[in-house]
Amino acid sequence: MKNVLLVCGQGISSHLFLGEAKRVAETRQAPLHFSATSFAELTPELLAQQDLVLMAPQAAYRAQIEAYTTDLHVAVIPNDIYGWLNSEALVKFASQTLDLANTPAVASL
């Protein structure tokens, strides 16, 4: 199971994505555990628990997050996924980013 953290400026849009992303991952049996937070609530301890941090497009904090640790995989959610709150595409994007695309559960997405 890989931990994926959704981050946006105030935490509102990341929490909107969270419920559906969890549902899609569970339904598709994708080996992903999603959580969400705002940039203000990030801590080095929280980041250390993550395999992937997905940033909202408007949250241009990537460099600041990478300053916490150099081992962290950070990606920006593509606008077409974020703009439509497309949780199925989000799960697929996270899987591809983590190179899980060849697992049977993810291949069906």
# chains A, B, ... in the order shown; residues from 1 in each chain; ligands from 1
>>> residues_around(residues="His15 in chain A", least_positions_apart="5", cutoff="12 Å", atoms="only C-alpha atoms", output="MDAnalysis selection string")
chainID A and resid 5:10 20:22 34:38 56 85 87
>>> write_last_selection(atoms="all heavy atoms", output="short mmCIF file (atom, residue, chain, number, x, y, z; two decimals), in the first residue's frame")
data_model
loop_
_atom_site.label_atom_id
_atom_site.label_comp_id
_atom_site.auth_asym_id
_atom_site.auth_seq_id
_atom_site.Cartn_x
_atom_site.Cartn_y
_atom_site.Cartn_z
N LEU A 5 -0.65 11.79 -0.46
CA LEU A 5 -1.17 12.97 0.24
C LEU A 5 -1.60 14.01 -0.79
O LEU A 5 -0.80 14.39 -1.65
CB LEU A 5 -0.11 13.55 1.17
CG LEU A 5 -0.50 14.77 1.98
CD1 LEU A 5 -1.63 14.43 2.96
CD2 LEU A 5 0.71 15.33 2.72
N LEU A 6 -2.84 14.47 -0.69
CA LEU A 6 -3.36 15.52 -1.55
C LEU A 6 -3.21 16.84 -0.80
O LEU A 6 -3.64 16.95 0.35
CB LEU A 6 -4.83 15.28 -1.87
CG LEU A 6 -5.17 13.93 -2.49
CD1 LEU A 6 -6.67 13.77 -2.62
CD2 LEU A 6 -4.49 13.77 -3.83
N VAL A 7 -2.60 17.84 -1.45
CA VAL A 7 -2.33 19.11 -0.79
C VAL A 7 -2.82 20.26 -1.66
O VAL A 7 -2.57 20.29 -2.86
CB VAL A 7 -0.82 19.30 -0.53
CG1 VAL A 7 -0.55 20.62 0.18
CG2 VAL A 7 -0.27 18.15 0.28
N CYS A 8 -3.51 21.20 -1.03
CA CYS A 8 -3.86 22.45 -1.70
C CYS A 8 -3.66 23.59 -0.71
O CYS A 8 -3.32 23.36 0.45
CB CYS A 8 -5.28 22.42 -2.26
SG CYS A 8 -6.56 22.44 -1.02
N GLY A 9 -3.88 24.79 -1.15
CA GLY A 9 -3.61 25.96 -0.32
C GLY A 9 -4.34 25.95 1.02
O GLY A 9 -3.73 26.05 2.07
N GLN A 10 -5.66 25.83 0.99
CA GLN A 10 -6.46 25.87 2.21
C GLN A 10 -6.99 24.51 2.64
O GLN A 10 -7.61 24.39 3.68
CB GLN A 10 -7.65 26.83 2.02
CG GLN A 10 -7.24 28.25 1.71
CD GLN A 10 -6.47 28.88 2.84
OE1 GLN A 10 -6.82 28.73 4.01
NE2 GLN A 10 -5.40 29.58 2.50
N GLU A 20 -13.90 10.67 -2.80
CA GLU A 20 -14.05 9.93 -4.06
C GLU A 20 -12.78 9.19 -4.42
O GLU A 20 -12.85 8.08 -4.95
CB GLU A 20 -14.45 10.88 -5.20
CG GLU A 20 -15.94 11.11 -5.30
CD GLU A 20 -16.72 9.83 -5.54
OE1 GLU A 20 -16.49 9.14 -6.55
OE2 GLU A 20 -17.58 9.51 -4.71
N ALA A 21 -11.63 9.77 -4.18
CA ALA A 21 -10.37 9.08 -4.48
C ALA A 21 -10.25 7.80 -3.66
O ALA A 21 -9.85 6.76 -4.17
CB ALA A 21 -9.17 10.00 -4.22
N LYS A 22 -10.62 7.88 -2.39
CA LYS A 22 -10.61 6.68 -1.54
C LYS A 22 -11.57 5.62 -2.08
O LYS A 22 -11.26 4.45 -2.12
CB LYS A 22 -10.99 7.04 -0.10
CG LYS A 22 -9.90 7.70 0.68
CD LYS A 22 -10.39 7.95 2.10
CE LYS A 22 -9.27 8.42 3.00
NZ LYS A 22 -9.73 8.59 4.39
N PHE A 34 -5.18 7.28 0.37
CA PHE A 34 -5.20 8.73 0.19
C PHE A 34 -5.48 9.44 1.51
O PHE A 34 -6.28 8.98 2.32
CB PHE A 34 -6.29 9.13 -0.82
CG PHE A 34 -5.92 8.84 -2.24
CD1 PHE A 34 -6.28 7.63 -2.82
CD2 PHE A 34 -5.22 9.76 -2.99
CE1 PHE A 34 -5.96 7.35 -4.14
CE2 PHE A 34 -4.89 9.49 -4.31
CZ PHE A 34 -5.25 8.28 -4.88
N SER A 35 -4.86 10.59 1.68
CA SER A 35 -5.18 11.52 2.75
C SER A 35 -5.06 12.92 2.18
O SER A 35 -4.53 13.10 1.07
CB SER A 35 -4.25 11.31 3.96
OG SER A 35 -2.90 11.46 3.58
N ALA A 36 -5.54 13.92 2.90
CA ALA A 36 -5.53 15.29 2.38
C ALA A 36 -5.21 16.28 3.49
O ALA A 36 -5.49 16.03 4.66
CB ALA A 36 -6.89 15.61 1.77
N THR A 37 -4.65 17.41 3.07
CA THR A 37 -4.32 18.46 4.02
C THR A 37 -4.13 19.77 3.29
O THR A 37 -4.11 19.82 2.06
CB THR A 37 -3.04 18.10 4.82
OG1 THR A 37 -2.91 19.00 5.91
CG2 THR A 37 -1.80 18.15 3.95
N SER A 38 -3.99 20.84 4.06
CA SER A 38 -3.65 22.14 3.49
C SER A 38 -2.14 22.33 3.62
O SER A 38 -1.48 21.62 4.38
CB SER A 38 -4.36 23.26 4.25
OG SER A 38 -3.84 23.36 5.56
N ALA A 56 -2.29 20.55 -5.70
CA ALA A 56 -3.27 21.22 -6.56
C ALA A 56 -2.50 22.16 -7.49
O ALA A 56 -1.47 22.72 -7.09
CB ALA A 56 -4.26 21.99 -5.71
N LEU A 85 -12.50 17.54 -10.93
CA LEU A 85 -12.50 16.69 -9.73
C LEU A 85 -12.69 15.23 -10.13
O LEU A 85 -13.50 14.50 -9.56
CB LEU A 85 -13.57 17.12 -8.73
CG LEU A 85 -13.34 18.45 -8.02
CD1 LEU A 85 -14.52 18.80 -7.14
CD2 LEU A 85 -12.05 18.45 -7.21
N SER A 87 -11.85 11.89 -9.88
CA SER A 87 -11.16 11.02 -8.93
C SER A 87 -10.63 9.75 -9.58
O SER A 87 -9.58 9.25 -9.18
CB SER A 87 -12.09 10.65 -7.76
OG SER A 87 -12.40 11.81 -7.04
#
>>> select_by_dssp(residues="chain A", states="alpha helix (DSSP H)", output="PyMOL selection string")
chain A and resi 12-27+44-48+62-68+79-83+87-97+104-107
>>> residues_around(residues="Met1 in chain A", least_positions_apart="6", cutoff="12 Å", atoms="only C-alpha atoms", output="PyMOL selection string")
chain A and resi 25-26+29-34+49-52+95+98+100
>>> write_last_selection(atoms="C-alpha atoms", output="PDB file, in the first residue's frame")
ATOM      1  CA  ALA A  25      -9.038   3.196  -5.025  1.00  0.00           C
ATOM      2  CA  GLU A  26     -11.024   0.792  -2.842  1.00  0.00           C
ATOM      3  CA  GLN A  29      -8.461  -2.435  -5.405  1.00  0.00           C
ATOM      4  CA  ALA A  30      -5.628  -0.049  -6.206  1.00  0.00           C
ATOM      5  CA  PRO A  31      -2.852  -0.259  -3.595  1.00  0.00           C
ATOM      6  CA  LEU A  32      -3.218   3.399  -2.600  1.00  0.00           C
ATOM      7  CA  HIS A  33      -4.155   5.103   0.654  1.00  0.00           C
ATOM      8  CA  PHE A  34      -5.199   8.730   0.192  1.00  0.00           C
ATOM      9  CA  GLN A  49       4.958   9.024   5.928  1.00  0.00           C
ATOM     10  CA  GLN A  50       4.101   9.663   2.254  1.00  0.00           C
ATOM     11  CA  ASP A  51       5.154   7.870  -0.900  1.00  0.00           C
ATOM     12  CA  LEU A  52       3.694  10.609  -3.099  1.00  0.00           C
ATOM     13  CA  SER A  95      -0.657   4.990  -9.872  1.00  0.00           C
ATOM     14  CA  LEU A  98       4.259   5.697  -8.522  1.00  0.00           C
ATOM     15  CA  LEU A 100       2.004   0.969 -10.308  1.00  0.00           C
TER      16      LEU A 100
END
>>> atom_distance(atom1="CA of Ala94 in chain A", atom2="CA of Ile81 in chain A")
11.3 Å
>>> select_by_dssp(residues="chain A", states="strand (DSSP E)", output="list in words")
Lys2, Asn3, Val4, Leu5, Leu6, Val7, Cys8, Leu32, His33, Phe34, Ser35, Ala36, Thr37, Ser38, Leu52, Val53, Leu54, Met55, Val74, Ala75 and Val76 of chain A
>>> residues_around(residues="range 71-77 of chain A", least_positions_apart="2", cutoff="6 Å", atoms="only C-alpha atoms", output="list in words")
Leu52, Val53, Leu54, Met55, Ala56, Pro57 and Thr69 of chain A
>>> closest_residue(among="A:Pro78, A:Val91, A:Phe39, A:Ser13", to="Thr27 in chain A", atoms="only C-alpha atoms")
A:Val91
>>> closest_residue(among="A:Leu90, A:Asn3, A:Leu18, A:Gln96", to="Leu46 in chain A", atoms="only C-alpha atoms")
A:Asn3
>>> closest_residue(among="A:Thr43, A:Arg23, A:Leu16, A:Asp80", to="Phe93 in chain A", atoms="only C-alpha atoms")
A:Asp80
>>> atom_distance(atom1="CA of Ala59 in chain A", atom2="CA of Trp84 in chain A")
16.7 Å
